[in-house]
Structure formats: structure tokens, C-alpha cells
Amino acid sequence: DTGVSQDPRHKITKRGQNVTFRCDPISEHNRLYWYRQTLGQGPEFLTYFQNEAQLEKSRLLSDRFSAERPKGSFSTLEIQRTEQGDSAMYLCASSSSVVGSYEQYFGPGTRLTVT
Amino acid sequence: AQRVTQPEKLLSVFKGAPVELKCNYSYSGSPELFWYVQYSRQRLQLLLRHISRESIKGFTADLNKGETSFHLKKPFAQEEDSAMYYCALQGGGGYNKLIFGAGTRLAVHP
């Protein structure tokens with residue numbers, strides 16, 4: 001296992017188009033998080049899954065955003081009708097729910113540019 | 001409201017100098033605090049956690065509840081310490097989401 005992977009690494013799209021990102025967590029991790037990072041800022045929490053259940057969504061996640069984790073393994077984040085303000089780095093992280101586990105392992109991110 | 005503040009965008013020091021990266025937090029309850037680091041062209045990774053009270057790569061951080069601070073310190077900086085450092089607070093609700101500060105870039109010059 002090489003850690004959390006994300007695909008694609010870079011995405012350039014035109015305003016109004018839909019985009020979808022994929023995250024593959026560390027295989028034994030049942031917790032999965034999406035964060036968004038804009039220039040000069042730290043990552044901001046978007047949403048959290050435990051297994052296939054989406055248990056928390058940030059107010060940052062407008063109705064144009066949807067995330068899924070259908071089988072409790074990989075996750076997808078879709079942005080519909082992209083806007084220039086959606087340009088950011090989208091980070092995925094995973095962790096274990098085993099007692100004493102606390103570290104979140106981050107993927108390399110998907111950089112989205114909306115033109 | 002839960003918030004993490006890192007007042008310095010950039011900290012520039014010479015090799016061998018002491019380093020202190022500042023972090024202040026706002027949280028009603030017992031906080032769980034972390035320092036994450038991102039080296040050039042690498043992914044974000046955990047550096048240390050306040051509960052473990054470990055020294056990782058020579059860095060330490062002490063939680064001061066009175067001052068609501070969790071500053072990161074190293075007595076003698078090395079060039080390989082140059083990176084982005086993020087202080088993070090684990091939010092409540094049982095879901096372990098992280099609330100990050102804006103980050104401080106540490107530049108260690110030879």
C-alpha cells in the first residue's frame with residue numbers, strides 16, 4: 001500500500017463544467033475526509049465518511065458539491081457547474097477508528113483550476 | 001467558535017538558530033492539538049501530537065491552556081527543516097475533523 005492516492009492530480013476546466021475527483025484511502029482505514037485548500041490558507045474541512053456513511057458536511061459544501069463513498073472504500077467528490085471560486089487544492093485524508101489511532105494520512109491532492 | 005491562528009506567514013532563520021512557530025487556538029473544551037508539516041513537493045504529514053509529548057526531529061510543542069497556545073520549538077534549526085508548518089485542532093463531535101491554521105513557512109538559511 002503506497003498511502004492515500006488521488007486522481008487526477010491536476011484538472012483544468014471551464015466555468016460551468018462538472019468535475020469529479022477520486023480518492024483511494026489506505027485500505028484498512030474506515031474514516032475518510034475531504035478538505036479544500038486555497039492559496040495562503042490551511043486546509044478547510046469539507047466532509048467526512050465513516051465506512052460508506054457521510055456523517056458530517058461543512059457549510060462550505062454548497063449544493064453544487066456532492067461526495068460519495070459507495071462501498072466504504074474509494075470516494076468521489078463531484079462539483080457541478082464549477083465557478084472560478086472553486087479553484088483550489090482538494091485534499092483527501094484517511095484514518096483508522098481503532099482506539100488510539102488519531103493520525104490522518106493525506107493524499108497528494110487534486111489541483112483544480114477553473115478558467 | 002473553533003479557530004487556530006498562526007500569526008506568522010514566514011519565519012526566516014539561519015542554520016543553528018532557535019526556532020519558535022507560534023500557534024494559538026480557540027476551543028471550548030479539552031483540545032487535541034497537532035502540528036502537521038509539508039516539505040517541498042511532498043504531502044502533508046503529521047509531525048507531532050500534544051498528548052504524546054514526544055520530540056520529533058528535534059521539535060517539541062507544549063500545550064499551554066492558560067494562554068491557549070501550542071507553539072512549536074526547536075533549539076537548533078537545520079536546513080532540512082525548511083517547510084510549511086500547520087497547527088491543527090481536532091474538532092469535537094467525535095468525527096476527528098481537523099481545523100487548520102493558515103500555516104507558517106519556515107525558511108532555514110545556511
# chains A, B, ... in the order shown; residues from 1 in each chain; ligands from 1
>>> interface_residues(of="chain A", to="chain B", cutoff="7 Å", atoms="only C-alpha atoms", output="number ranges by chain")
A: 40-45, 103, 105-108
>>> residues_around(residues="Glu56 (chain A)", least_positions_apart="4", cutoff="9 Å", atoms="only C-alpha atoms", output="list of chain:residue names")
A:Leu46, A:Thr47, A:Tyr48, A:Phe49, B:Tyr95
>>> write_last_selection(atoms="N, CA, C and O atoms", output="CSV table (one decimal), in the first residue's frame")
chain,number,residue,atom,x,y,z
A,46,LEU,N,-14.2,19.7,4.5
A,46,LEU,CA,-15.4,19.7,3.7
A,46,LEU,C,-16.4,18.7,4.1
A,46,LEU,O,-17.6,19.0,4.4
A,47,THR,N,-16.0,17.4,4.3
A,47,THR,CA,-16.9,16.3,4.6
A,47,THR,C,-16.2,15.1,5.1
A,47,THR,O,-15.0,15.0,4.9
A,48,TYR,N,-16.9,14.2,5.8
A,48,TYR,CA,-16.3,13.1,6.5
A,48,TYR,C,-17.2,11.9,6.3
A,48,TYR,O,-18.4,11.9,6.3
A,49,PHE,N,-16.6,10.7,6.0
A,49,PHE,CA,-17.2,9.5,5.9
A,49,PHE,C,-16.7,8.5,6.9
A,49,PHE,O,-15.5,8.4,7.1
B,95,TYR,N,-15.9,13.1,15.3
B,95,TYR,CA,-15.5,12.7,13.9
B,95,TYR,C,-14.1,13.1,13.6
B,95,TYR,O,-13.6,12.8,12.5
>>> atom_distance(atom1="CA of Gly91 (chain B)", atom2="CA of Val4 (chain A)")
22.0 Å
>>> closest_residue(among="A:Arg81, A:Arg111, A:Lys71, A:Lys57", to="Phe21 (chain A)", atoms="only C-alpha atoms")
A:Arg111
>>> atom_distance(atom1="CA of Thr20 (chain A)", atom2="CA of Gly72 (chain A)")
17.7 Å
>>> select_by_dssp(residues="chain A", states="strand (DSSP E)", output="VMD selection string")
chain A and resid 5 to 7 10 to 13 19 to 24 31 to 37 44 to 50 53 to 57 65 to 68 75 to 79 88 to 95 105 to 106 110 to 114
>>> write_last_selection(atoms="C-alpha atoms", output="compact mmCIF listing (two decimals), in the first residue's frame")
# COMPACT_ATOMS: atom_id res chain seq x y z
CA SER A 5 -3.92 8.28 -3.67
CA GLN A 6 -5.91 10.87 -5.56
CA ASP A 7 -6.81 11.17 -9.21
CA HIS A 10 -4.43 18.34 -11.84
CA LYS A 11 -7.66 19.39 -13.51
CA ILE A 12 -8.29 22.45 -15.64
CA THR A 13 -11.90 23.08 -16.54
CA VAL A 19 -15.72 17.74 -12.47
CA THR A 20 -15.22 14.59 -10.42
CA PHE A 21 -12.26 13.67 -8.26
CA ARG A 22 -11.39 10.27 -6.83
CA CYS A 23 -9.70 9.32 -3.58
CA ASP A 24 -8.39 5.87 -2.65
CA ARG A 31 -12.58 7.04 8.02
CA LEU A 32 -12.22 9.35 5.03
CA TYR A 33 -12.09 13.15 4.93
CA TRP A 34 -12.15 15.74 2.17
CA TYR A 35 -10.52 19.14 2.67
CA ARG A 36 -10.08 22.14 0.42
CA GLN A 37 -7.03 24.39 0.46
CA GLU A 44 -10.53 23.52 5.37
CA PHE A 45 -12.76 20.59 6.23
CA LEU A 46 -15.44 19.72 3.68
CA THR A 47 -16.91 16.34 4.59
CA TYR A 48 -16.34 13.09 6.48
CA PHE A 49 -17.23 9.45 5.87
CA GLN A 50 -17.15 6.53 8.23
CA ALA A 53 -21.92 6.77 5.64
CA GLN A 54 -21.41 10.50 5.16
CA LEU A 55 -21.60 11.72 8.74
CA GLU A 56 -20.67 15.37 8.53
CA LYS A 57 -20.70 18.11 5.91
CA PHE A 65 -20.83 19.70 -4.27
CA SER A 66 -21.57 16.05 -3.66
CA ALA A 67 -19.43 13.31 -2.22
CA GLU A 68 -19.91 9.58 -2.13
CA SER A 75 -14.61 8.14 -2.51
CA THR A 76 -15.59 10.63 -5.19
CA LEU A 77 -16.12 14.37 -4.90
CA GLU A 78 -18.16 15.98 -7.67
CA ILE A 79 -18.51 19.68 -8.30
CA ALA A 88 -8.25 25.19 -5.07
CA MET A 89 -6.33 22.11 -3.97
CA TYR A 90 -8.70 19.32 -2.91
CA LEU A 91 -7.15 17.02 -0.33
CA CYS A 92 -8.30 13.62 0.81
CA ALA A 93 -7.22 12.02 4.07
CA SER A 94 -7.94 8.73 5.77
CA SER A 95 -7.61 7.35 9.25
CA TYR A 105 -2.89 10.38 6.31
CA PHE A 106 -3.15 12.80 3.44
CA THR A 110 -6.03 17.35 -6.81
CA ARG A 111 -5.38 20.89 -8.00
CA LEU A 112 -8.45 22.33 -9.71
CA THR A 113 -8.22 25.40 -11.94
CA VAL A 114 -11.46 26.86 -13.22
>>> residues_around(residues="Thr68 (chain B)", least_positions_apart="5", cutoff="7 Å", atoms="only C-alpha atoms", output="list in words")
Asn24, Tyr25 and Ser26 of chain B
>>> closest_residue(among="B:Leu89, B:Gln6, B:Leu33, B:Glu79", to="Leu21 (chain B)", atoms="only C-alpha atoms")
B:Gln6
>>> atom_distance(atom1="CA of Asp81 (chain B)", atom2="CA of Phe59 (chain B)")
9.8 Å
>>> closest_residue(among="B:Lys74, B:Arg105, B:Leu11, B:Thr5", to="Thr60 (chain B)", atoms="only C-alpha atoms")
B:Lys74
>>> closest_residue(among="B:Glu8, B:Glu67, B:Glu80, B:Ala1", to="Glu20 (chain B)", atoms="only C-alpha atoms")
B:Glu8
>>> residues_around(residues="Ser96 (chain A)", least_positions_apart="3", cutoff="7 Å", atoms="only C-alpha atoms", output="MDAnalysis selection string")
chainID A and resid 29:31 101
>>> closest_residue(among="A:Glu83, A:Pro25, A:Thr2, A:Gln104", to="Arg64 (chain A)", atoms="only C-alpha atoms")
A:Glu83
>>> closest_residue(among="B:Asp62, B:Ile51, B:Pro7, B:Gln2", to="Gly29 (chain B)", atoms="only C-alpha atoms")
B:Gln2
